[in-house]
Structure formats: structure tokens, C-alpha cells
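Enquirer: File data.txt follows (compact mmCIF, C-alpha atoms):
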```txt
# COMPACT_ATOMS: atom_id res chain seq x y z
CA MET A 1 -12.45 1.29 7.90
CA ILE A 2 -8.72 1.31 8.52
CA LEU A 3 -6.57 4.21 7.31
CA TYR A 4 -2.94 3.54 6.41
CA PRO A 5 -0.66 6.61 6.33
CA ALA A 6 2.02 6.02 3.70
CA ILE A 7 5.75 6.32 4.17
CA ASP A 8 7.41 5.93 0.79
CA LEU A 9 11.17 5.52 1.09
CA LYS A 10 13.72 6.72 -1.45
CA ASP A 11 17.40 6.98 -0.63
CA GLY A 12 16.61 6.68 3.08
CA MET A 13 14.15 9.57 3.07
CA CYS A 14 10.38 9.89 3.30
CA VAL A 15 9.13 11.11 -0.07
CA ARG A 16 6.09 11.30 -2.31
CA LEU A 17 6.08 10.69 -6.04
CA LYS A 18 3.60 11.73 -8.69
CA ARG A 19 2.19 8.79 -10.67
CA GLY A 20 5.12 6.67 -9.55
CA ASP A 21 7.70 8.78 -11.42
CA MET A 22 11.01 8.46 -9.54
CA GLU A 23 12.14 11.76 -11.09
CA ASP A 24 9.08 13.66 -9.85
CA VAL A 25 9.85 13.40 -6.16
CA THR A 26 9.21 15.60 -3.13
CA VAL A 27 11.11 14.97 0.10
CA PHE A 28 8.87 15.48 3.13
CA ASN A 29 11.05 14.14 5.93
CA ASP A 30 14.68 13.01 6.03
CA ASP A 31 13.93 11.00 9.19
CA PRO A 32 11.38 8.27 8.35
CA ALA A 33 11.29 7.03 11.95
CA ALA A 34 10.31 10.49 13.15
CA GLN A 35 7.58 10.57 10.52
CA ALA A 36 6.30 7.19 11.73
CA LYS A 37 6.11 8.54 15.28
CA LEU A 38 4.12 11.55 14.07
CA PHE A 39 1.57 9.24 12.47
CA ALA A 40 1.39 7.08 15.59
CA ASP A 41 0.90 10.14 17.79
CA ALA A 42 -1.88 11.33 15.45
CA GLY A 43 -3.87 8.19 16.26
CA PHE A 44 -3.35 6.00 13.21
CA GLU A 45 -3.36 2.26 13.90
CA TRP A 46 -1.26 1.00 10.97
CA LEU A 47 1.63 2.17 8.78
CA HIS A 48 2.06 1.53 5.07
CA LEU A 49 5.71 1.42 3.97
CA VAL A 50 7.07 1.18 0.43
CA ASP A 51 10.73 0.69 -0.46
CA LEU A 52 10.69 2.61 -3.74
CA ASN A 53 14.33 1.91 -4.57
CA GLY A 54 13.70 -1.73 -3.77
CA ALA A 55 10.75 -1.91 -6.14
CA PHE A 56 13.04 -0.97 -9.04
CA ALA A 57 16.07 -2.95 -7.84
CA GLY A 58 14.08 -6.12 -7.16
CA GLN A 59 15.54 -6.43 -3.68
CA PRO A 60 15.31 -4.48 -0.40
CA VAL A 61 17.30 -1.23 -0.45
CA ASN A 62 15.98 0.97 2.36
CA GLY A 63 16.45 -1.62 5.09
CA ASP A 64 18.03 0.75 7.59
CA ALA A 65 15.13 3.20 7.36
CA ILE A 66 12.56 0.41 7.67
CA ASN A 67 14.30 -1.10 10.68
CA SER A 68 14.46 2.31 12.35
CA ILE A 69 10.70 2.66 11.91
CA LEU A 70 10.10 -0.80 13.35
CA ALA A 71 12.26 0.12 16.35
CA THR A 72 10.49 3.45 16.90
CA THR A 73 6.81 2.49 16.83
CA ALA A 74 4.73 -0.44 18.00
CA LEU A 75 2.19 0.11 15.21
CA PRO A 76 1.70 -2.83 12.84
CA VAL A 77 3.45 -2.23 9.53
CA GLN A 78 2.66 -3.43 6.03
CA LEU A 79 5.63 -3.30 3.67
CA GLY A 80 6.04 -3.52 -0.08
CA GLY A 81 8.79 -2.93 -2.62
CA GLY A 82 11.50 -5.32 -3.76
CA ILE A 83 10.25 -8.39 -1.90
CA ARG A 84 10.80 -11.10 -4.49
CA ASP A 85 11.74 -14.30 -2.64
CA LEU A 86 10.94 -16.28 0.49
CA ASP A 87 14.25 -15.41 2.16
CA ALA A 88 13.41 -11.69 2.00
CA MET A 89 9.92 -12.41 3.33
CA ARG A 90 11.26 -14.43 6.24
CA THR A 91 13.77 -11.69 7.04
CA TRP A 92 11.10 -9.00 7.21
CA ILE A 93 8.65 -11.11 9.18
CA LYS A 94 11.41 -11.89 11.68
CA ALA A 95 12.27 -8.17 11.85
CA GLY A 96 8.72 -7.37 12.92
CA VAL A 97 6.81 -6.50 9.74
CA THR A 98 3.17 -7.53 10.21
CA ARG A 99 2.12 -7.80 6.56
CA LEU A 100 4.09 -8.11 3.32
CA ILE A 101 2.80 -6.67 0.05
CA LEU A 102 3.67 -8.68 -3.06
CA GLY A 103 3.04 -6.94 -6.35
CA THR A 104 5.42 -7.91 -9.13
CA LEU A 105 5.52 -11.48 -7.82
CA ALA A 106 1.74 -11.71 -8.12
CA VAL A 107 2.11 -11.35 -11.88
CA LYS A 108 5.43 -13.05 -12.50
CA ASP A 109 5.38 -15.88 -9.94
CA PRO A 110 1.87 -16.36 -8.53
CA ASP A 111 2.75 -19.82 -7.22
CA LEU A 112 5.34 -18.24 -4.92
CA VAL A 113 2.69 -15.84 -3.61
CA ARG A 114 0.45 -18.80 -2.84
CA LYS A 115 3.32 -20.55 -1.09
CA ALA A 116 4.03 -17.43 0.95
CA ALA A 117 0.39 -17.11 1.95
CA LYS A 118 0.50 -20.66 3.32
CA GLU A 119 3.78 -20.12 5.16
CA PHE A 120 2.69 -16.78 6.61
CA PRO A 121 -1.10 -17.06 7.07
CA GLY A 122 -2.83 -13.71 7.33
CA ARG A 123 0.38 -11.82 6.63
CA ILE A 124 0.52 -11.62 2.83
CA ALA A 125 -1.24 -8.97 0.76
CA VAL A 126 -1.30 -8.74 -3.03
CA GLY A 127 -0.53 -5.32 -4.47
CA ILE A 128 -2.38 -4.59 -7.69
CA ASP A 129 -1.18 -1.39 -9.31
CA ALA A 130 -3.17 -0.53 -12.42
CA ARG A 131 -2.81 1.92 -15.26
CA ASP A 132 -6.00 2.19 -17.33
CA GLY A 133 -7.21 -1.02 -15.72
CA MET A 134 -4.10 -3.01 -16.66
CA VAL A 135 -1.57 -4.19 -14.09
CA ALA A 136 1.87 -2.56 -13.92
CA VAL A 137 4.93 -4.20 -12.33
CA GLU A 138 8.60 -3.56 -11.50
CA GLY A 139 7.91 -0.35 -9.60
CA TRP A 140 5.28 0.57 -12.21
CA ALA A 141 7.98 0.77 -14.87
CA GLU A 142 6.48 -2.11 -16.89
CA SER A 143 2.91 -2.72 -18.01
CA SER A 144 1.48 -6.22 -18.24
CA ASP A 145 -1.32 -7.63 -20.40
CA MET A 146 -3.36 -8.64 -17.34
CA ALA A 147 -6.48 -6.83 -16.16
CA ALA A 148 -6.64 -5.89 -12.47
CA ASP A 149 -9.87 -7.86 -11.94
CA ASP A 150 -8.40 -11.02 -13.48
CA LEU A 151 -5.32 -10.83 -11.27
CA ALA A 152 -7.44 -10.39 -8.15
CA ARG A 153 -9.60 -13.40 -8.99
CA ALA A 154 -6.48 -15.53 -9.47
CA PHE A 155 -5.84 -15.27 -5.72
CA GLU A 156 -9.40 -15.81 -4.54
CA ASP A 157 -8.55 -19.12 -2.87
CA ALA A 158 -4.92 -18.39 -1.96
CA GLY A 159 -5.50 -17.18 1.58
CA VAL A 160 -4.12 -13.66 1.12
CA ALA A 161 -5.11 -11.15 3.79
CA ALA A 162 -5.92 -8.23 1.48
CA ILE A 163 -5.54 -6.72 -1.95
CA ILE A 164 -4.08 -3.22 -2.16
CA TYR A 165 -5.42 -1.56 -5.28
CA THR A 166 -3.63 1.51 -6.62
CA ASP A 167 -4.83 3.65 -9.50
CA ILE A 168 -1.44 4.84 -10.77
CA ALA A 169 -2.89 7.78 -12.71
CA ARG A 170 -4.18 9.27 -9.47
CA ASP A 171 -1.31 8.42 -7.15
CA GLY A 172 0.20 11.56 -5.64
CA MET A 173 -1.99 13.81 -7.78
CA MET A 174 -4.56 14.83 -5.14
CA ALA A 175 -7.25 14.19 -7.76
CA GLY A 176 -9.57 12.07 -5.64
CA VAL A 177 -9.73 8.33 -5.26
CA ASN A 178 -11.13 6.11 -8.02
CA VAL A 179 -14.08 4.78 -6.04
CA GLU A 180 -15.75 3.20 -9.07
CA ALA A 181 -12.76 1.05 -10.06
CA THR A 182 -12.05 0.12 -6.44
CA LEU A 183 -15.66 -0.93 -5.90
CA GLN A 184 -15.67 -2.96 -9.12
CA LEU A 185 -12.63 -4.84 -7.87
CA ALA A 186 -14.14 -5.35 -4.41
CA LYS A 187 -17.26 -6.86 -5.92
CA SER A 188 -15.25 -9.27 -8.06
CA VAL A 189 -13.60 -11.07 -5.12
CA SER A 190 -14.21 -11.90 -1.48
CA ILE A 191 -10.75 -10.64 -0.44
CA PRO A 192 -10.77 -7.31 1.47
CA ILE A 193 -9.68 -4.38 -0.70
CA ILE A 194 -7.52 -1.48 0.47
CA ALA A 195 -7.81 1.58 -1.78
CA SER A 196 -4.74 3.56 -2.76
CA GLY A 197 -4.00 6.48 -5.04
CA GLY A 198 -5.56 9.92 -5.00
CA VAL A 199 -7.16 10.02 -1.54
CA ALA A 200 -7.28 13.77 -0.99
CA SER A 201 -10.15 14.66 1.29
CA VAL A 202 -12.60 13.57 3.96
CA ASP A 203 -15.15 13.15 1.16
CA ASP A 204 -12.94 10.48 -0.44
CA ILE A 205 -12.87 8.56 2.84
CA ILE A 206 -16.62 8.90 3.28
CA SER A 207 -17.19 7.68 -0.29
CA LEU A 208 -15.02 4.62 0.26
CA ARG A 209 -16.51 3.84 3.66
CA ALA A 210 -19.99 3.82 2.09
CA HIS A 211 -18.92 0.62 0.34
CA GLU A 212 -17.33 -1.08 3.33
CA SER A 213 -20.00 -3.79 3.23
CA SER A 214 -18.98 -4.53 -0.37
CA GLY A 215 -15.41 -5.29 0.65
CA ILE A 216 -13.56 -1.96 0.76
CA ALA A 217 -11.77 -2.40 4.07
CA GLY A 218 -9.28 0.46 4.13
CA ALA A 219 -7.50 3.30 2.39
CA ILE A 220 -3.89 4.42 2.06
CA ILE A 221 -3.28 8.15 2.41
CA GLY A 222 -0.10 9.86 1.29
CA ARG A 223 0.38 13.35 -0.09
CA ALA A 224 -2.81 14.76 1.43
CA LEU A 225 -1.41 14.17 4.92
CA TYR A 226 2.00 15.62 4.07
CA ASP A 227 0.65 18.70 2.30
CA GLY A 228 -1.76 19.40 5.14
CA GLY A 229 -4.80 19.12 2.91
CA LEU A 230 -6.27 16.36 5.05
CA ASP A 231 -6.41 16.69 8.83
CA PRO A 232 -5.51 13.36 10.50
CA ASN A 233 -8.20 13.66 13.17
CA ALA A 234 -10.90 14.48 10.62
CA ALA A 235 -9.74 11.58 8.44
CA LEU A 236 -9.90 9.12 11.34
CA LEU A 237 -13.34 10.34 12.42
CA ALA A 238 -14.63 9.88 8.85
CA ALA A 239 -13.16 6.40 8.67
CA ASN A 240 -15.03 5.51 11.84
CA GLY A 241 -18.31 6.98 10.57
CA LYS A 242 -18.28 9.96 12.93
```
Will you turn the file into C-alpha cells for me?

Expert:
Amino acid sequence: MILYPAIDLKDGMCVRLKRGDMEDVTVFNDDPAAQAKLFADAGFEWLHLVDLNGAFAGQPVNGDAINSILATTALPVQLGGGIRDLDAMRTWIKAGVTRLILGTLAVKDPDLVRKAAKEFPGRIAVGIDARDGMVAVEGWAESSDMAADDLARAFEDAGVAAIIYTDIARDGMMAGVNVEATLQLAKSVSIPIIASGGVASVDDIISLRAHESSGIAGAIIGRALYDGGLDPNAALLAANGK
């Protein structure tokens, strides 16, 4: 199972939010590229980047920080936040981003997501961020009337590489990952699921990995790594079943 250390970008800095609240922010590193290098040196094989300002603005905002990360590390990067049109997607793919995460578009313009998946095969992921089982969009500021499972099934035949499922209520709260909801989603589609929100311990990773055969292919880890509550080596060993 692949672990994705998260670098959430706000105003050019590496931060963590609680439940997606832009006012409840903790700055962990004012040099995102240095943070990326720390994760690479720790042995992680991917990076998960989110342009938080971009998610609210509807367009990329933290481009300089993202480009500095891409220039610093050779690790593959998946990026979300403010990617709302094909021009932005083409720009990031050309810049070296391996996988693009489309969240708001998945709800508001699913046909564009399908088009992107055809233009960039294997490089588009759908981000499903849910609050009480219902999808939230626009940087989690708006709730939709669509259930997470229904949205996932809508892309079953679209050719997307993965679905990133975030339980907003647990994000940044160190409360443990919602294994039950993640597993329910994994069983509803054949698309690989990456869990996000609340991963706080080796036990969370072990619990998710137990369902790898059901489609849970990875997990995003944020605050637990920054707070020191989760040792990177122990996390990677657990992800590899050791």
C-alpha cells in the first residue's frame, strides 16, 4: 500500500488545517521544497500536494511553491486544488506533475473530467471529499446533494487512475481514519481508493492495508507526520506489511 505524505500549501507555506477550516491553520514549514526533501529522504515514494488557496480561488495560486517542490525532488507528485480547466491541467502535466486530482470538477463538470482522463491516461484522480457521506466542493466550503458512493460510481468507466476519499470531519483531527466508509466506497467501484483524513497511527495503516484486496490502495498522511505522532519508518513498514 502506498503512503502519500501531504504538503498542503497556503500563502506559500506548508500548513495543516483542521476539518478544512482556513482560519484554523498551523504552519509547519515556510519552505515547502525543504519539506518535500525531508519526506523523500524519509523513504516515501510519492508526494500529495494541495493548493489550498487555489481550491477556494478556483485557479492555481501557490504555483511558485509547487514548482520549487518539483525542482527539488524526483518523487512523483499528485496535485489538487484549483484545477478547473484543461489549460491548467496541461500546464501542470508539462511542469512535471504526475497525477492531477479533480474534485469540484467531478461534481460540477463530470464530462470535463472524462475528457481529461482520455487526454491524460493514468494521470487523473477524482477527489471525493465528504461530510456525513455527502460530497463537499469549492475547497469544502459548499456541500452538494450527491452521496460519495454515487459520485464514485459515475466515474467507473471513465479511466481515472484513483479516487481520493477524504472524511472531512476527521481531517487534521488525529481521530483515526474512517475505515468503514473508505471500505464501503472501495467495494462500490473497481477504481483504486486512496484514504485521506484522520490517519494518526500505525494501527490506522494496518487497518487500511487489511482491505488492500478490496481496493484500498493507499493512504494520505498529514498532521501525524508533522506532529511527530507517527514515525515515517514505522508507517512505511506497516504499509508494506512488515

Enquirer: Quick one, how far is atom CA of A:Thr166 from atom CA of A:Gly127?

Expert: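 Rounded to one decimal, the two atoms are 7.8 Å apart.
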
Enquirer: Once you add 8 Å to each side, what are the centre and edge lengths of the axis-aligned box holding all listed atoms of stretch 106-125 of chain A? One decimal in Å, as lines of an AutoDock Vina configuration file, if you can.

Expert:
```
center_x = 1.3
center_y = -14.8
center_z = -2.6
size_x = 24.3
size_y = 27.7
size_z = 35.8
```

Enquirer: Counting all atoms listed in the file, what is within 8 Å of stretch 45-54 of chain A, bar same-chain residues fewer than 5 positions away, as a PyMOL selection string?

Expert: chain A and resi 2-11+36+39-40+59-62+66+75-83+139+220

Enquirer: Give as a ChimeraX atom specification each residue that has an atom at most 12 Å from (3.4, 13.0, 10.6) in the file, counting all atoms listed in the file.

Expert: /A:5-7,14,28-29,31-44,47,221-228,230-233

Enquirer: Name the residues in contact with A:Ala106 at a cut-off of 8 Å, using only C-alpha atoms, excluding same-chain residues fewer than 3 positions from it; report them as a PyMOL selection string.

Expert: chain A and resi 102-103+109-110+113+126-127+151

Enquirer: Put stretch 104-179 of chain A into a file with C-alpha atoms, as a tab-separated table (two decimals), in the first residue's frame.

Expert:
```tsv
chain	number	residue	atom	x	y	z
A	104	THR	CA	-15.02	20.25	-7.64
A	105	LEU	CA	-14.97	19.48	-11.37
A	106	ALA	CA	-16.11	15.93	-10.66
A	107	VAL	CA	-19.38	17.33	-9.33
A	108	LYS	CA	-19.82	20.42	-11.47
A	109	ASP	CA	-18.41	19.28	-14.83
A	110	PRO	CA	-18.00	15.49	-14.91
A	111	ASP	CA	-17.76	15.49	-18.71
A	112	LEU	CA	-14.58	17.57	-18.46
A	113	VAL	CA	-13.13	15.04	-16.01
A	114	ARG	CA	-13.87	12.27	-18.50
A	115	LYS	CA	-12.25	14.29	-21.27
A	116	ALA	CA	-9.19	14.87	-19.10
A	117	ALA	CA	-8.91	11.18	-18.28
A	118	LYS	CA	-8.81	10.41	-22.01
A	119	GLU	CA	-6.25	13.12	-22.76
A	120	PHE	CA	-4.04	12.18	-19.81
A	121	PRO	CA	-4.49	8.40	-19.37
A	122	GLY	CA	-3.50	7.16	-15.95
A	123	ARG	CA	-2.85	10.68	-14.69
A	124	ILE	CA	-6.26	11.86	-13.44
A	125	ALA	CA	-7.64	11.12	-9.99
A	126	VAL	CA	-11.07	12.10	-8.68
A	127	GLY	CA	-11.10	13.71	-5.25
A	128	ILE	CA	-14.21	12.91	-3.23
A	129	ASP	CA	-14.38	14.94	-0.06
A	130	ALA	CA	-17.37	14.00	2.08
A	131	ARG	CA	-19.10	15.44	5.09
A	132	ASP	CA	-21.58	13.00	6.65
A	133	GLY	CA	-21.41	10.96	3.46
A	134	MET	CA	-22.29	13.89	1.18
A	135	VAL	CA	-19.79	15.44	-1.21
A	136	ALA	CA	-18.38	18.91	-0.50
A	137	VAL	CA	-16.83	21.17	-3.16
A	138	GLU	CA	-15.09	24.54	-3.61
A	139	GLY	CA	-12.42	23.84	-1.00
A	140	TRP	CA	-15.06	22.16	1.18
A	141	ALA	CA	-16.89	25.47	1.53
A	142	GLU	CA	-20.02	24.16	-0.25
A	143	SER	CA	-21.99	20.96	0.29
A	144	SER	CA	-23.66	19.16	-2.58
A	145	ASP	CA	-26.69	16.87	-2.66
A	146	MET	CA	-24.63	13.96	-4.03
A	147	ALA	CA	-23.60	10.94	-2.00
A	148	ALA	CA	-19.92	9.93	-2.14
A	149	ASP	CA	-20.75	6.43	-3.42
A	150	ASP	CA	-22.91	7.79	-6.25
A	151	LEU	CA	-20.18	10.17	-7.38
A	152	ALA	CA	-17.60	7.38	-7.40
A	153	ARG	CA	-19.82	5.11	-9.49
A	154	ALA	CA	-20.32	7.90	-12.02
A	155	PHE	CA	-16.65	7.55	-13.00
A	156	GLU	CA	-16.48	3.77	-13.05
A	157	ASP	CA	-15.87	3.65	-16.80
A	158	ALA	CA	-14.03	6.98	-17.18
A	159	GLY	CA	-10.50	5.66	-16.95
A	160	VAL	CA	-9.47	7.60	-13.83
A	161	ALA	CA	-6.39	6.30	-12.04
A	162	ALA	CA	-7.70	6.57	-8.48
A	163	ILE	CA	-10.29	8.06	-6.17
A	164	ILE	CA	-9.01	10.01	-3.17
A	165	TYR	CA	-11.61	9.80	-0.43
A	166	THR	CA	-11.46	12.30	2.42
A	167	ASP	CA	-13.65	12.24	5.50
A	168	ILE	CA	-13.72	15.98	6.23
A	169	ALA	CA	-14.83	15.54	9.84
A	170	ARG	CA	-11.62	13.66	10.59
A	171	ASP	CA	-9.17	15.66	8.51
A	172	GLY	CA	-6.43	17.14	10.66
A	173	MET	CA	-8.11	15.94	13.86
A	174	MET	CA	-5.86	12.94	14.62
A	175	ALA	CA	-9.05	10.98	15.36
A	176	GLY	CA	-8.28	7.91	13.30
A	177	VAL	CA	-9.20	7.11	9.73
A	178	ASN	CA	-12.77	6.19	8.77
A	179	VAL	CA	-12.01	2.66	7.61
```
